[in-house]
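Written out below as structure tokens is the structure these notes cover.
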Amino acid sequence: MTDVGVQMYSWLKDLFPLCRSLTGDGNRETLAYLNDILGGRLTIHEVPTGTKAFDWTVPKEWRIREAWIKDGTGRKVVDFADHNLHVVGYSTPVDTVLDLEELQKHLYSLPEQPDAIPYVTSYYRERWGFCMTENRRQSLAAGKYHVFIDSELFDGSLTYADLVIPGETDEEIFFSTYICHPSMANNELSGPVVTTALAKWLLRQTGGGGQSGQRYTYRLIFIPETIGSLVYLSRNLAAMQAKTVAGFVVTCVGDDRAYSLLRSRSGNTVADKAALSILRSEHPDFIEYSFLERGSDERQYGAPGIDLPVVSVMRSKYGIYPEYHTSLDALSLVTPGGLAGALEVYKKIVRALERNHRYQATCLGEPQLGKRGLYPTLSQKGTADEVKTMMNLIAYCDGRHDLMDIADKIHVPVGELYEITDKLVKAGLLVPT
Amino acid sequence: MTDVGVQMYSWLKDLFPLCRSLTGDGNRETLAYLNDILGGRLTIHEVPTGTKAFDWTVPKEWRIREAWIKDGTGRKVVDFADHNLHVVGYSTPVDTVLDLEELQKHLYSLPEQPDAIPYVTSYYRERWGFCMTENRRQSLAAGKYHVFIDSELFDGSLTYADLVIPGETDEEIFFSTYICHPSMANNELSGPVVTTALAKWLLRQTGGGGQSGQRYTYRLIFIPETIGSLVYLSRNLAAMQAKTVAGFVVTCVGDDRAYSLLRSRSGNTVADKAALSILRSEHPDFIEYSFLERGSDERQYGAPGIDLPVVSVMRSKYGIYPEYHTSLDALSLVTPGGLAGALEVYKKIVRALERNHRYQATCLGEPQLGKRGLYPTLSQKGTADEVKTMMNLIAYCDGRHDLMDIADKIHVPVGELYEITDKLVKAGLLVPT
Amino acid sequence: MTDVGVQMYSWLKDLFPLCRSLTGDGNRETLAYLNDILGGRLTIHEVPTGTKAFDWTVPKEWRIREAWIKDGTGRKVVDFADHNLHVVGYSTPVDTVLDLEELQKHLYSLPEQPDAIPYVTSYYRERWGFCMTENRRQSLAAGKYHVFIDSELFDGSLTYADLVIPGETDEEIFFSTYICHPSMANNELSGPVVTTALAKWLLRQTGGGGQSGQRYTYRLIFIPETIGSLVYLSRNLAAMQAKTVAGFVVTCVGDDRAYSLLRSRSGNTVADKAALSILRSEHPDFIEYSFLERGSDERQYGAPGIDLPVVSVMRSKYGIYPEYHTSLDALSLVTPGGLAGALEVYKKIVRALERNHRYQATCLGEPQLGKRGLYPTLSQKGTADEVKTMMNLIAYCDGRHDLMDIADKIHVPVGELYEITDKLVKAGLLVPT
């Protein structure tokens, strides 16, 4: 688990400098890198500028090569080459000289976080601007400045990728992550790298030799936020509505501070249930947010008429942690352990969904465990607990409660029920219904 | 709002001295006064003594002209002309001289409130009596007293009034207030004056020029308590059961101290929902009482077999405040602001009911507000809040939640949703279902 | 009530010395004694060794005559004749001399309760052993010991008894108690004696002269724990599933310390409702246990596929009180008052079930109590309370709420409603639905 954490962290480091946005070559390079990891299993899609997606339209593609501000002495006071947050996302080209006073109208900084470069974009209104720390901004002397942005907005395309891993049934578990944030770590390179590691693990589960296949089909998508999910939904809605059992927005999954759950709109979908099943028993101090505090693609997945059963399991939620949407959301904010912990939670959610059957006890009254050798040979204390769990499990195997329900009822982590269930099925004491 | 408060207070002052009871000319004068205010729109009904109303019978009419006790020196120690609470309601006539000891059996006072004249009635058992302050009673010297009550109980009639204001549909909102209390202010002249002001406002809503009509028909009744509601129900039950959407007993709506809600028997009627919708957001410190603490005409409206969806929204509830049913429930206890506040709550409840539709979002996924000019042009802070409310409103416009449900879900006063809903309907983003 | 407590206590004292177990003559003597009390109304059943009961088999019968350990000097250090807990239940015969070291493998004591003889059995694995206090055990000197157990395990039978008291309908109330514990008082002689007293009372209710019959049929069974309930269910399951309205495991009903309720698996059966109805109002400090803390025959009655509506109302629950399953659960632990209190609770539960009808108010609106003489003639305070209870009762007699529901709604003990209900039925104001 630490190994996979280190591996994810190294991917994240490689991808960190790329300039991702709603569109552009930074996104293509990011997806190409992840596709290498996944052995070319991703399907990359290009959606032309102007394509309709419900109420929205795919915007022009943005390309940026260079951007800086020079002071009167020719010294660069800010340079896109140093940090891609220095330029407002989707800035139009500019090459002019102006007074500091005029320049100020195009500058963005955070007086309350004087060391942080803010993350600012202007996707749907054309403008140009620079972001810098408040400290740097305060140090600017009166006088003339030369501003230069070599960018273009042109009819190009929006890029996204998806991967469908077939299972025994058409029913789907859905994962969505976004690839439109430039150099920030928790929000949002952690999402794509954890989703990629999860995809690798899912491929191993189904593709390998001895292991049994997965029951569910898995759909994983890598999209720019909002317009990307709208585009994806506009192309796949009917199929997704017909097939999706549970879905998850994988975002902000890299730091060490917290686990968080953003509930679905109704709050009672299978996705809510599976996420709660794992978080309540494994990370009982997790923070719960209602759908009112949504902020990412679940806004689309949960919209009326779309109504997909989607939640988001995170570590520190976007909008909540102080480094959010600034240059302080740096590589140092995420850790191999933070990434690995989130991956493990998602793997446990997958297992909880895969293993979530209803069973019927075959025996009237309690079975006699002793004559079947079902009394475990562990220590006295552990034995008593396992027997108690076993008897409680059987007591609720009435064909109405599924394993997640039972785990919740009898106050044990659902993962502790798998081996016991297998034993009892093998002994003929339980049958799936 | 202060104006209407001052106006209601002036009506209350005019009506205060009249001697109301279950029956009698005081009631007729009260209804005549209110009918003047309402432009003659009230229908006045007279129901003869002896008329059956379910398990009850309309009692004899009571008329009283004069009543006093004189001491041995001929000095009046108590006089109905000073305060109509001095005589037990429905006292039979008497003209006799007796010892203090014998007189005591006919006197009522409150040792714990020595300055208060209690309010006592004896509708269903014939007797006579006088009420006075404990202080006055203690000052009575031994000796002979002349008691005199010039009253009669005779076959007459019970008087009540109603007003039906037709709306676009036959479905009705019902308001009931009572007119049987003599000179007390919060309980119970506040009820009739607030109901009258509400009726005026409702008539303006429907009768005026530019304004659109009301969706609901409004039924407002002015009755003596208990026997009056039983009589009214016995004559109108089938229609009321078929049509009533929500009903309200308007009582104790004049003081400044509290808002209160007495829930319906089931606790989950539309009336409960509408009252909670307004009180929770506008007066979150309101006091909630269960149906077990009922005490007015909701006892009849909520009885099994009647089952009307009726609650009571009050200020300080009868039975709870110390001045209740004494001469301390004087004009000084109610205020223009107290009356106006209660009226405003009822108007908001009416609006909440009138505006309570279900809507369906027409757009799949979130709409792009910017291109429709739906980003408000207020301050930065207010803007964010309004946009958030707008997006949350749209998110719950799934055809299942009505506006009151949504306001409750997204934690905003329902009144804040009307203008936004109108904008979104106009923009084609919502349609009523 | 104290009388019946004293009587139950005397039965318990008589039965205390008998050596009960899963099977054997101690059980037969116990049932014979109780059958005498019940005038021979019990049916005694013998079920041969080897009989199948679902997943279980009736074990061999156990007979024990003598058992002791002598030290090197010939002195008995422990003797079954002193206390029948000294021998492990179902011990095989032995007659041998061995070293203390070897003997230790067959000794059981409780270091944390050095004065207590533990209760140990080995029904399903053949072995022999002795139980003693930790103090005694520590005093054993090194050397040779002669151990002697004159017992046999043989093909015999398991003994149980049942009693069905017919009522007006086939619907049944079920009571189950167990008779397999040797000399321990709260767990478990209290159960059989309280059940016997309850049976006597039920027989009186139905068999007597002037009193009306019971509505329900009562089934009471006296069985060895676990194997006994499995045997009973295997012979009577279909009938019990068809007829049982509510059932109760009567155990640990003799001490003074607490009342306890162990809920059914679903937690919402009629048995839960009736037990809660009495305990909440009569013993509001009762301790509530979920089905997860089950430990007696409700394990079988509540198993999936059996699904009988069974709870257990106890005083101090097995497994919880310190004297449990030791010689400290002595005669001194139970009291006449403790037994009588438990009996009274069960009688109140029976009454609550017998009297639990739904009623419909016949009068629209509130009835006029005065003209029917239904205003009670008690003290002023009591009167007001009784009238309030009466009016609240009528208000909920809507044909949907039964008396237990109403008692819960209006916060009065259900027992307070019977007389009032009778009065109102007699007055024609309520009719059963």
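To be explicit about the labels: the chains of the structure tokens are called A, B, and onward in the order shown, and within each one the residues are counted from 1, while ligands get numbers from 1 in the order they are shown.
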Find the residues of chain B that sit at most 7 Å from chain C; for each, write down the nearest two atoms and how far apart they are in Å, to one decimal. Count only C-alpha atoms. Sort by chain, then by number going up, and give it as a Markdown table.
| residue | atom | partner | partner_atom | distance |
| --- | --- | --- | --- | --- |
| B:Phe54 | CA | C:Leu364 | CA | 6.0 |
| B:Asp55 | CA | C:Pro367 | CA | 5.5 |
| B:Trp56 | CA | C:Gln368 | CA | 6.5 |
| B:Leu230 | CA | C:Gly365 | CA | 6.7 |
| B:Leu292 | CA | C:Ile410 | CA | 6.9 |
| B:Gln300 | CA | C:Gly365 | CA | 4.7 |
| B:Ala303 | CA | C:Gly365 | CA | 5.3 |
| B:Pro304 | CA | C:Asp398 | CA | 5.1 |
| B:Gly305 | CA | C:Leu364 | CA | 5.9 |
| B:Ile306 | CA | C:Leu364 | CA | 6.4 |
Residue contacts of segment 108-115 of chain A (10 Å, only C-alpha atoms) excluding same-chain residues fewer than 5 positions away, as a PyMOL selection string: chain A and resi 86-88+120+129-138+322-323+326-328
Just the residues within 12 Å of segment 8-14 of chain B, please, counting only C-alpha atoms, with nothing from its chain fewer than 6 positions along; format it as a compact mmCIF listing (two decimals) with N, CA, C and O atoms, in the first residue's frame.
# COMPACT_ATOMS: atom_id res chain seq x y z
N MET B 1 -47.06 48.44 7.68
CA MET B 1 -47.37 47.41 8.66
C MET B 1 -47.68 48.01 10.02
O MET B 1 -48.58 47.58 10.71
N THR B 2 -46.93 49.05 10.38
CA THR B 2 -47.28 49.72 11.62
C THR B 2 -48.66 50.36 11.51
O THR B 2 -49.46 50.31 12.42
N GLU B 29 -73.35 43.34 18.20
CA GLU B 29 -72.70 44.65 17.99
C GLU B 29 -71.27 44.48 17.49
O GLU B 29 -70.79 45.23 16.64
N THR B 30 -70.58 43.46 18.03
CA THR B 30 -69.21 43.19 17.60
C THR B 30 -69.17 42.85 16.12
O THR B 30 -68.37 43.40 15.34
N LEU B 31 -70.07 41.95 15.70
CA LEU B 31 -70.09 41.55 14.29
C LEU B 31 -70.51 42.69 13.39
O LEU B 31 -69.98 42.85 12.28
N TYR B 33 -69.91 45.84 13.89
CA TYR B 33 -68.74 46.72 13.78
C TYR B 33 -67.75 46.18 12.74
O TYR B 33 -67.27 46.90 11.88
N LEU B 34 -67.46 44.87 12.84
CA LEU B 34 -66.49 44.27 11.92
C LEU B 34 -67.05 44.25 10.50
O LEU B 34 -66.32 44.44 9.52
N ASN B 35 -68.35 44.07 10.38
CA ASN B 35 -68.97 44.05 9.06
C ASN B 35 -68.87 45.41 8.38
O ASN B 35 -68.70 45.48 7.15
N ASP B 36 -68.96 46.46 9.15
CA ASP B 36 -68.75 47.80 8.59
C ASP B 36 -67.37 47.89 7.96
O ASP B 36 -67.18 48.41 6.85
N ILE B 37 -66.37 47.43 8.70
CA ILE B 37 -64.98 47.47 8.21
C ILE B 37 -64.86 46.70 6.90
O ILE B 37 -64.13 47.09 5.99
N ILE B 179 -65.67 35.10 19.19
CA ILE B 179 -66.16 36.43 19.54
C ILE B 179 -66.97 36.37 20.82
O ILE B 179 -67.89 37.16 21.03
N PRO B 182 -65.73 38.60 26.81
CA PRO B 182 -65.95 40.02 27.14
C PRO B 182 -64.62 40.78 27.17
O PRO B 182 -63.71 40.42 26.43
N SER B 183 -64.50 41.75 28.00
CA SER B 183 -63.38 42.69 27.92
C SER B 183 -62.02 42.07 28.26
O SER B 183 -61.49 42.28 29.35
N MET B 184 -61.49 41.30 27.32
CA MET B 184 -60.11 40.84 27.41
C MET B 184 -59.48 41.03 26.04
O MET B 184 -60.14 40.88 25.01
N ALA B 185 -58.18 41.30 26.04
CA ALA B 185 -57.58 41.83 24.82
C ALA B 185 -56.86 40.78 23.98
O ALA B 185 -57.14 40.60 22.80
N ASN B 186 -55.89 40.08 24.59
CA ASN B 186 -55.16 39.10 23.78
C ASN B 186 -56.07 37.91 23.51
O ASN B 186 -56.18 37.45 22.39
N ASN B 187 -56.70 37.43 24.58
CA ASN B 187 -57.71 36.37 24.44
C ASN B 187 -59.04 36.95 24.92
O ASN B 187 -59.34 36.87 26.09
N GLU B 188 -59.83 37.73 23.99
CA GLU B 188 -59.84 37.31 22.67
C GLU B 188 -60.30 38.39 21.70
O GLU B 188 -61.01 38.10 20.78
N LEU B 189 -59.93 39.63 21.91
CA LEU B 189 -60.29 40.53 20.82
C LEU B 189 -59.25 40.55 19.73
O LEU B 189 -59.54 40.94 18.60
N SER B 190 -58.03 40.14 20.06
CA SER B 190 -56.98 40.13 19.03
C SER B 190 -57.39 39.26 17.84
O SER B 190 -57.13 39.61 16.69
N GLY B 191 -58.00 38.11 18.12
CA GLY B 191 -58.37 37.19 17.04
C GLY B 191 -59.31 37.81 16.02
O GLY B 191 -59.00 37.83 14.82
N PRO B 192 -60.46 38.32 16.46
CA PRO B 192 -61.37 38.92 15.47
C PRO B 192 -60.75 40.09 14.71
O PRO B 192 -60.99 40.22 13.51
N VAL B 193 -59.95 40.93 15.37
CA VAL B 193 -59.44 42.10 14.62
C VAL B 193 -58.38 41.67 13.62
O VAL B 193 -58.34 42.17 12.50
N VAL B 194 -57.51 40.72 13.98
CA VAL B 194 -56.51 40.26 13.02
C VAL B 194 -57.20 39.52 11.87
O VAL B 194 -56.84 39.70 10.69
N THR B 195 -58.23 38.74 12.18
CA THR B 195 -58.95 38.03 11.11
C THR B 195 -59.65 39.01 10.18
O THR B 195 -59.69 38.82 8.96
N THR B 196 -60.16 40.09 10.76
CA THR B 196 -60.81 41.11 9.93
C THR B 196 -59.80 41.81 9.02
O THR B 196 -60.06 42.02 7.82
N ALA B 197 -58.63 42.12 9.57
CA ALA B 197 -57.60 42.74 8.74
C ALA B 197 -57.14 41.79 7.65
O ALA B 197 -56.88 42.19 6.50
N LEU B 198 -57.05 40.51 7.99
CA LEU B 198 -56.66 39.52 7.00
C LEU B 198 -57.72 39.43 5.90
O LEU B 198 -57.40 39.34 4.71
N LYS B 200 -59.77 41.79 4.96
CA LYS B 200 -59.63 43.00 4.12
C LYS B 200 -58.53 42.82 3.08
O LYS B 200 -58.68 43.17 1.91
N VAL B 253 -53.48 36.66 19.36
CA VAL B 253 -52.55 37.14 18.36
C VAL B 253 -52.23 38.61 18.56
O VAL B 253 -52.00 39.34 17.60
N GLY B 254 -52.18 39.04 19.84
CA GLY B 254 -52.02 40.47 20.03
C GLY B 254 -50.84 40.93 20.85
O GLY B 254 -50.47 42.10 20.80
N ASP B 255 -50.21 40.05 21.60
CA ASP B 255 -49.13 40.55 22.46
C ASP B 255 -47.79 40.45 21.75
O ASP B 255 -47.69 40.01 20.60
N ALA B 330 -55.63 43.05 29.55
CA ALA B 330 -56.23 44.36 29.29
C ALA B 330 -55.70 44.93 27.98
O ALA B 330 -54.81 44.35 27.34
N LEU B 331 -56.24 46.07 27.60
CA LEU B 331 -55.78 46.73 26.38
C LEU B 331 -54.27 46.92 26.36
O LEU B 331 -53.63 46.85 25.31
N SER B 332 -53.70 47.13 27.53
CA SER B 332 -52.26 47.39 27.58
C SER B 332 -51.43 46.16 27.26
O SER B 332 -50.23 46.25 27.01
N LEU B 333 -52.06 44.99 27.26
CA LEU B 333 -51.28 43.77 27.00
C LEU B 333 -51.00 43.59 25.50
O LEU B 333 -50.04 42.95 25.13
N VAL B 334 -51.88 44.15 24.68
CA VAL B 334 -51.65 43.99 23.24
C VAL B 334 -51.11 45.29 22.68
O VAL B 334 -51.29 46.36 23.26
N THR B 335 -50.43 45.17 21.54
CA THR B 335 -49.79 46.35 20.94
C THR B 335 -50.05 46.35 19.45
O THR B 335 -50.30 45.29 18.86
N PRO B 336 -49.98 47.50 18.83
CA PRO B 336 -50.09 47.54 17.36
C PRO B 336 -49.06 46.63 16.71
O PRO B 336 -49.36 45.91 15.75
N GLY B 337 -47.86 46.63 17.25
CA GLY B 337 -46.81 45.77 16.68
C GLY B 337 -47.12 44.30 16.85
O GLY B 337 -46.84 43.48 15.97
N GLY B 338 -47.68 43.96 18.00
CA GLY B 338 -48.03 42.56 18.23
C GLY B 338 -49.08 42.08 17.25
O GLY B 338 -48.97 41.00 16.67
N LEU B 339 -50.11 42.89 17.07
CA LEU B 339 -51.18 42.54 16.13
C LEU B 339 -50.64 42.49 14.70
O LEU B 339 -50.94 41.55 13.94
N ALA B 340 -49.83 43.49 14.36
CA ALA B 340 -49.31 43.56 12.99
C ALA B 340 -48.39 42.39 12.69
O ALA B 340 -48.39 41.85 11.58
N GLY B 341 -47.61 41.97 13.68
CA GLY B 341 -46.71 40.83 13.48
C GLY B 341 -47.49 39.57 13.18
O GLY B 341 -47.15 38.80 12.27
N ALA B 342 -48.57 39.36 13.95
CA ALA B 342 -49.38 38.16 13.73
C ALA B 342 -50.05 38.22 12.36
O ALA B 342 -50.09 37.21 11.63
N LEU B 343 -50.57 39.38 11.99
CA LEU B 343 -51.19 39.51 10.67
C LEU B 343 -50.18 39.17 9.57
O LEU B 343 -50.48 38.47 8.60
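Here the DSSP assignment of strand (DSSP E or B), based on backbone atoms, applies within segment 257-362 of chain A to Ser260, Leu261, Leu262, Ile287, Glu288, Tyr289, Val310, Val311, Ser312, Val313, Met314, Thr326, Arg358, Tyr359, Gln360 and Ala361 of chain A.
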Neighbour list for segment 57-74 of chain C as a PyMOL selection string, cut-off 7 Å, only C-alpha atoms, skip fewer than 2 positions in-chain: chain C and resi 23-24+49-53+76-80+90+143-158+227
Write a file of the just-selected residues containing N, CA, C and O atoms, as a short mmCIF file (atom, residue, chain, number, x, y, z; two decimals), in the first residue's frame.
data_model
loop_
_atom_site.label_atom_id
_atom_site.label_comp_id
_atom_site.auth_asym_id
_atom_site.auth_seq_id
_atom_site.Cartn_x
_atom_site.Cartn_y
_atom_site.Cartn_z
N THR C 23 -31.19 -32.59 30.64
CA THR C 23 -32.07 -33.74 30.77
C THR C 23 -31.94 -34.26 32.19
O THR C 23 -31.11 -33.79 32.95
N GLY C 24 -32.77 -35.24 32.52
CA GLY C 24 -32.55 -35.94 33.78
C GLY C 24 -33.69 -35.82 34.77
O GLY C 24 -34.67 -35.10 34.57
N THR C 49 -33.54 -39.54 23.20
CA THR C 49 -32.18 -39.26 22.74
C THR C 49 -32.08 -39.59 21.26
O THR C 49 -32.60 -40.63 20.82
N GLY C 50 -31.42 -38.71 20.51
CA GLY C 50 -31.23 -38.98 19.08
C GLY C 50 -32.27 -38.35 18.20
O GLY C 50 -32.12 -38.28 16.98
N THR C 51 -33.35 -37.82 18.81
CA THR C 51 -34.38 -37.16 18.00
C THR C 51 -33.79 -35.90 17.37
O THR C 51 -33.09 -35.13 18.03
N LYS C 52 -34.11 -35.69 16.08
CA LYS C 52 -33.61 -34.51 15.38
C LYS C 52 -34.48 -33.29 15.68
O LYS C 52 -35.70 -33.42 15.78
N ALA C 53 -33.82 -32.15 15.78
CA ALA C 53 -34.55 -30.89 15.93
C ALA C 53 -33.80 -29.86 15.08
O ALA C 53 -32.81 -29.28 15.53
N LYS C 76 -12.68 -35.01 52.01
CA LYS C 76 -13.30 -34.49 50.77
C LYS C 76 -13.01 -33.00 50.65
O LYS C 76 -13.38 -32.22 51.52
N VAL C 77 -12.33 -32.62 49.60
CA VAL C 77 -12.07 -31.18 49.40
C VAL C 77 -13.21 -30.53 48.62
O VAL C 77 -13.38 -29.31 48.63
N VAL C 78 -14.01 -31.33 47.90
CA VAL C 78 -15.17 -30.80 47.21
C VAL C 78 -16.15 -31.96 47.06
O VAL C 78 -15.76 -33.11 46.86
N ASP C 79 -17.46 -31.62 47.21
CA ASP C 79 -18.45 -32.69 47.22
C ASP C 79 -19.74 -32.20 46.56
O ASP C 79 -20.31 -31.18 46.96
N PHE C 80 -20.17 -32.94 45.54
CA PHE C 80 -21.42 -32.64 44.84
C PHE C 80 -22.59 -32.57 45.80
O PHE C 80 -23.54 -31.81 45.58
N TYR C 90 -23.02 -32.61 32.80
CA TYR C 90 -22.78 -33.66 31.80
C TYR C 90 -21.41 -34.32 31.94
O TYR C 90 -20.89 -34.90 30.97
N GLY C 143 0.22 -33.15 45.79
CA GLY C 143 0.02 -34.52 46.24
C GLY C 143 -1.02 -35.22 45.41
O GLY C 143 -1.42 -34.75 44.34
N LYS C 144 -1.45 -36.36 45.88
CA LYS C 144 -2.37 -37.22 45.17
C LYS C 144 -3.82 -36.87 45.56
O LYS C 144 -4.09 -36.58 46.73
N TYR C 145 -4.72 -37.00 44.63
CA TYR C 145 -6.14 -36.77 44.90
C TYR C 145 -6.96 -37.90 44.27
O TYR C 145 -6.63 -38.39 43.19
N HIS C 146 -7.96 -38.28 44.98
CA HIS C 146 -8.87 -39.29 44.47
C HIS C 146 -10.11 -38.57 43.93
O HIS C 146 -10.79 -37.88 44.66
N VAL C 147 -10.35 -38.74 42.63
CA VAL C 147 -11.55 -38.11 42.06
C VAL C 147 -12.56 -39.20 41.72
O VAL C 147 -12.21 -40.28 41.22
N PHE C 148 -13.81 -38.90 42.04
CA PHE C 148 -14.85 -39.90 41.85
C PHE C 148 -16.14 -39.23 41.38
O PHE C 148 -16.63 -38.29 41.99
N ILE C 149 -16.59 -39.68 40.22
CA ILE C 149 -17.91 -39.22 39.74
C ILE C 149 -18.71 -40.46 39.34
O ILE C 149 -18.29 -41.23 38.47
N ASP C 150 -19.83 -40.62 40.01
CA ASP C 150 -20.72 -41.74 39.68
C ASP C 150 -21.85 -41.19 38.82
O ASP C 150 -22.87 -40.74 39.32
N SER C 151 -21.61 -41.14 37.51
CA SER C 151 -22.61 -40.59 36.59
C SER C 151 -22.76 -41.52 35.40
O SER C 151 -21.96 -42.42 35.21
N GLU C 152 -23.78 -41.32 34.62
CA GLU C 152 -23.89 -42.05 33.36
C GLU C 152 -24.53 -41.17 32.30
O GLU C 152 -25.34 -40.28 32.58
N LEU C 153 -24.14 -41.40 31.07
CA LEU C 153 -24.75 -40.77 29.89
C LEU C 153 -25.37 -41.91 29.11
O LEU C 153 -24.66 -42.86 28.72
N PHE C 154 -26.66 -41.85 28.87
CA PHE C 154 -27.31 -43.03 28.28
C PHE C 154 -28.47 -42.58 27.39
O PHE C 154 -28.95 -41.44 27.48
N ASP C 155 -28.89 -43.49 26.53
CA ASP C 155 -30.04 -43.18 25.68
C ASP C 155 -31.28 -43.10 26.55
O ASP C 155 -31.78 -44.12 27.04
N GLY C 156 -31.73 -41.91 26.77
CA GLY C 156 -32.90 -41.70 27.60
C GLY C 156 -33.81 -40.72 26.89
O GLY C 156 -34.11 -40.91 25.71
N SER C 157 -34.15 -39.64 27.58
CA SER C 157 -34.98 -38.64 26.89
C SER C 157 -34.82 -37.27 27.53
O SER C 157 -34.32 -37.14 28.65
N LEU C 158 -35.26 -36.31 26.75
CA LEU C 158 -35.31 -34.92 27.19
C LEU C 158 -36.76 -34.65 27.63
O LEU C 158 -37.70 -35.09 26.98
N ILE C 227 -31.68 -26.50 23.20
CA ILE C 227 -32.16 -27.75 22.60
C ILE C 227 -33.66 -27.90 22.86
O ILE C 227 -34.40 -28.40 21.99
#
Separation of atom CA of Glu46 of chain C from atom CA of Asn27 of chain C, in Å and rounded to one decimal: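 Those two atoms sit 11.0 Å apart.
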For Leu417 of chain C: contacts at 10 Å, only C-alpha atoms, fewer than 4 positions along chain excluded, given as a list in words: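 In the requested format, the answer is Arg355, Glu386, Thr389, Met390, Leu393, Leu403, Met404, Ile406, Ala407, Val412, Pro413, Thr421, Asp422 and Lys423 of chain C.
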Export C-alpha atoms of the chosen residues as a compact mmCIF listing (two decimals), in the first residue's frame?
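What follows is the written file result-v9.txt:
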# COMPACT_ATOMS: atom_id res chain seq x y z
CA ARG C 355 -57.58 -4.95 26.12
CA GLU C 386 -59.24 12.38 34.26
CA THR C 389 -57.31 11.88 29.67
CA MET C 390 -60.89 11.13 28.62
CA LEU C 393 -58.58 9.28 24.51
CA LEU C 403 -55.22 1.62 23.11
CA MET C 404 -51.47 1.06 23.41
CA ILE C 406 -53.14 6.07 22.36
CA ALA C 407 -51.53 5.60 25.77
CA VAL C 412 -50.64 8.02 30.27
CA PRO C 413 -50.15 4.42 31.42
CA THR C 421 -62.83 3.23 27.83
CA ASP C 422 -65.44 1.00 29.47
CA LYS C 423 -67.37 4.05 30.65
